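Asker: Before we start, here is the structure in question, set down as structure tokens.
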Amino acid sequence: MPHHDHMVRLIRRWRRLAARVELLSLADRFWLTLAVATGLLVHLVYLRAHAYPAYGAGLYLAIAETIAAHGYALPATVDGYTAGGVPLAYPPFAFYLAAAARDVTGLGAFAYSRLVPGLLVTAALVPYYYVARELLAAPRRAGVATLLFAGTPAVLQWHLSAGGIVRTVGLLVALVACYAGVRLFRDGGRRWLVAATALFGLAVLTHPVYAAFVAASYLVFFAGLSRTPRGLARGAVVAAGGLALAAPWWLQVAATHGPGVFTAAAGTHGGLGGGPARLLTEFVYPVDFDAGAPAFLAAYAGAGYALWRRRVLLPAWLVAAGFVVGKPRFLFVAGSMLTAVLLFEVGVPFVRRHTSRRIRPRAADLAAVALVVLAAVGTGTAFAAGAVDTHDGHRSQPAFVDWADHEAMTWVGTQTPPSTRFVVLGDAAEWFPLAADRTILVGPWGVEWTTPDRYQRQLDRYTALSDCDRASCITAHLRALDVAPEYVYVPKATYTVRGVPHRQSAVMGRSLARSDRYRVVYENAGVLVARVTPVRSRCHPDASAGACRSTRTSSGRPPTKIPVVV
């Protein structure tokens, strides 16, 4: 009997729980299935086209490895990126997630950063649909908005690529937080207050830009859904509670590096706000009449239509996301919804008015919606495949490394001493400290957490060196910058600098081979590695400049003699 009573109580509890769960309607299941299928399609196309991940995540994965190496305690710095390393002041949640996932699965760095972001993008479409359903009040409109969002190049660029191992975790958390925020400011209730507070705290622990997006979104939701003293109090509780939940992290970082580490990072990458110039950089300049332009124009048209109909919430959200956060990808959280509104309230009626009477209105409506959705999804898949021009007039989703870089970095990691310092030309430098386990002396990655001036100085040094097309250029910059590496790592063919393709001059290889300043110790089809021979003056302190001569000297261990790999 006691066992029977226990089972009865369990059954009653289960029934009470089931009664509180909102069951998915047939329409919800249809649109969510279609959205997930679209996300997986885009991801599979991306994987098919990219043997190595687009853009970079070397620093992110180096942070994750450093955390794992410290027994999952939070270290103070990350080595390898500039001579003294960089402060580990990044919010840690995504790095702990990556460290644990790689420990469990055994995935390598390139494999993890190639496979995981697309899965996270697909997962993020689910909360996006629910946010859209709450704000558009119709599953069909929410479903179309979700499909448009899934195929938008500005959304895919930084979420599907390698850095999505952090940014797309931020996107997923932010969208779930937005859903909780809409429910909180519209419906109230203690459970939504707790959920919104916890999710805002998690956003703070995931990525500063996505936390700023959540904060801006909550302000818009307050103004549009609950402009009351009670709504203001709920917002204050969420802000204070979220920051309190994240306090163990930010207090430790502030104690280790000083509170200025946060303001230093905010002073780079555009920061928050930005004055009237931000309106141009985020709303005008991105419309470059490339494959991504129709998404911007449709979102702006939808915002104009909504304002004409005196619906302010979504246009205000679009402007807040672009102006406050300053990243075009955030425009389309509201922008895709505005495009769906425009499609159903302007596009579909237009098609009905201009369609032959022999065609059923519903068939015409479906055809119009399907055409727009297919165009958006087609653009997204082409973008993921790197088949369209969207990045400063160049092909989308470029990879920072290829097999030649992977092979060369493996050689470096086995054939040079661990203390060896490098200067690496091109964006392969972002992956180099992780893949080769050697230090780069020049590079901006992670330096934003020091000072804006130091970040800009490293960025200028990196771009100047990466633009070199001959050995004398490298030598001049190393002298001017007072940088003394033991080796230089030089791409031979096509490579990228800040994501923009460059073509290395054939002069570079010949000039390195002929120079008495460099000795090529490794070469394959895409990379040269050359040992730098320091110059020691043979002048007497009182000798004139004209009587001065110099000679090459070798410092440290001579390089291993190996056959050149072509």
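Just remember, in the structure tokens the first chain shown is A, the second B, etc., residues are 1-based per chain, and ligands are 1-based in the order shown.
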Kindly assemble as CSV a list of the region 396-415 of chain A residues that lie within 10 Å of region 161-180 of chain A, each paired with its nearest atom pair and their distance in Å to one decimal, using only C-alpha atoms, sorted first by chain and then by ascending residue number.
Answerer:
residue,atom,partner,partner_atom,distance
A:Gln397,CA,A:Ser161,CA,7.1
A:Pro398,CA,A:Ser161,CA,9.1
A:Ala399,CA,A:Ser161,CA,8.8
A:Phe400,CA,A:Ala162,CA,9.8
Asker: Just list as a PyMOL selection string whatever in region 286-440 of chain A DSSP marks as strand (DSSP E).
Answerer: chain A and resi 389-391+394-395+421-424+439-440
Asker: Which residues, written as an mmCIF file with C-alpha atoms, in the first residue's frame, have at least one atom at most 10 Å from region 51-61 of chain A, with only C-alpha atoms counted and residues fewer than 6 positions away on the same chain left out?
Answerer:
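Listing of around13.cif after writing:
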data_model
loop_
_atom_site.group_PDB
_atom_site.id
_atom_site.type_symbol
_atom_site.label_atom_id
_atom_site.label_comp_id
_atom_site.auth_asym_id
_atom_site.auth_seq_id
_atom_site.Cartn_x
_atom_site.Cartn_y
_atom_site.Cartn_z
ATOM 1 C CA ILE A 67 40.820 26.753 -18.310
ATOM 2 C CA VAL A 78 46.235 33.403 -21.735
ATOM 3 C CA ASP A 79 49.721 32.815 -23.118
ATOM 4 C CA GLY A 80 50.795 32.895 -26.748
ATOM 5 C CA TYR A 81 49.066 36.089 -27.856
ATOM 6 C CA VAL A 86 46.593 38.751 -22.710
ATOM 7 C CA TYR A 90 36.271 37.436 -21.218
ATOM 8 C CA ALA A 94 31.073 29.569 -23.367
ATOM 9 C CA PHE A 95 34.722 28.721 -22.684
ATOM 10 C CA ALA A 98 33.860 24.362 -24.970
ATOM 11 C CA ALA A 99 36.450 22.949 -22.551
ATOM 12 C CA ARG A 102 36.098 18.869 -26.004
ATOM 13 C CA GLY A 108 40.120 18.703 -32.132
ATOM 14 C CA ALA A 109 40.156 22.486 -32.266
ATOM 15 C CA PHE A 110 39.412 22.803 -35.983
ATOM 16 C CA ALA A 111 36.718 20.114 -35.892
ATOM 17 C CA TYR A 112 34.960 21.613 -32.880
ATOM 18 C CA SER A 113 34.896 25.150 -34.282
ATOM 19 C CA ARG A 114 33.693 23.843 -37.647
ATOM 20 C CA LEU A 115 30.902 21.559 -36.387
ATOM 21 C CA PRO A 117 28.460 26.764 -34.430
ATOM 22 C CA GLN A 157 28.484 35.625 -40.855
ATOM 23 C CA TRP A 158 29.601 35.688 -37.220
ATOM 24 C CA LEU A 160 27.982 30.077 -38.359
ATOM 25 C CA SER A 161 31.738 30.690 -38.543
ATOM 26 C CA ALA A 162 34.375 29.512 -36.058
ATOM 27 C CA GLY A 163 33.778 32.240 -33.486
ATOM 28 C CA GLY A 164 30.220 30.971 -33.187
ATOM 29 C CA ILE A 165 31.476 28.616 -30.468
ATOM 30 C CA VAL A 166 31.180 31.717 -28.257
ATOM 31 C CA ALA A 384 27.303 29.636 -46.091
ATOM 32 C CA GLY A 386 31.140 31.055 -49.680
ATOM 33 C CA SER A 396 31.692 35.214 -48.026
ATOM 34 C CA GLN A 397 32.909 33.127 -45.101
ATOM 35 C CA PRO A 398 36.664 32.951 -45.860
ATOM 36 C CA ALA A 399 38.774 30.495 -43.859
ATOM 37 C CA PHE A 400 41.797 31.906 -42.037
ATOM 38 C CA VAL A 401 43.713 28.623 -42.396
ATOM 39 C CA ASP A 402 43.918 25.683 -44.795
ATOM 40 C CA TRP A 403 45.719 22.351 -44.937
ATOM 41 C CA HIS A 406 47.747 23.168 -40.501
ATOM 42 C CA ASP A 427 44.975 35.894 -40.423
ATOM 43 C CA ALA A 428 46.510 32.475 -39.795
ATOM 44 C CA ALA A 429 48.161 34.324 -36.900
ATOM 45 C CA GLU A 430 44.873 34.123 -34.981
ATOM 46 C CA TRP A 431 45.056 30.313 -34.943
ATOM 47 C CA PHE A 432 48.847 30.052 -34.640
ATOM 48 C CA PRO A 433 49.368 30.107 -30.824
ATOM 49 C CA LEU A 434 46.729 27.395 -30.420
ATOM 50 C CA ALA A 435 47.713 25.134 -33.322
ATOM 51 C CA TRP A 445 43.522 39.335 -30.521
ATOM 52 C CA GLY A 446 42.713 39.660 -26.829
ATOM 53 C CA THR A 496 43.433 36.924 -45.698
ATOM 54 C CA ARG A 498 41.198 40.967 -41.380
ATOM 55 C CA GLY A 499 39.056 38.677 -43.535
#
Asker: Tell me which protein, DNA and RNA residues are within 10 Å of Tyr96 (chain A), counting only C-alpha atoms, leaving out same-chain ones fewer than 5 positions away, and put them as a list in words.
Answerer: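 Residues meeting the cut-off are Ile63, Ala64, Glu65, Ile67, Ala68, Tyr72, Ala73, Leu74, Pro91, Ala101, Arg102 and Thr206 of chain A.
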Asker: Could you give me, as a PyMOL selection string, each residue of region 34-273 of chain A that DSSP assigns to alpha helix (DSSP H) when run on this structure's backbone?
Answerer: chain A and resi 34-49+58-69+93-105+109-136+139-150+153-159+164-187+190-204+208-225+229-245+247-257+260-266
Asker: Between A:Val116, A:Val182, A:Ala35, A:Leu343, single out the one closest to Ser226 (chain A), counting only C-alpha atoms.
Answerer: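 Comparing A:Val116, A:Val182, A:Ala35, A:Leu343 against Ser226 (chain A), the winner is A:Val182.
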Asker: Can you tell me, as number ranges by chain, what residues are no more than 10 Å from Ala464 (chain A) when counting only C-alpha atoms, ignoring any on the same chain fewer than 5 positions away?
Answerer: A: 425, 458-459, 473-474, 477
Asker: Just to confirm, what's the straight-line distance from CA of Gly413 (chain A) to CA of Cys468 (chain A) in Å (one decimal)?
Answerer: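 Atom-to-atom, CA of Gly413 (chain A) and CA of Cys468 (chain A) are spaced 24.7 Å apart.
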Asker: Would you mind reading off the distance between CA of Phe221 (chain A) and CA of Phe93 (chain A), one decimal, in Å?
Answerer: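 Those two atoms sit 25.8 Å apart.
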Asker: Distance CA of Leu313 (chain A)-CA of Phe222 (chain A), one decimal place?
Answerer: 10.0 Å
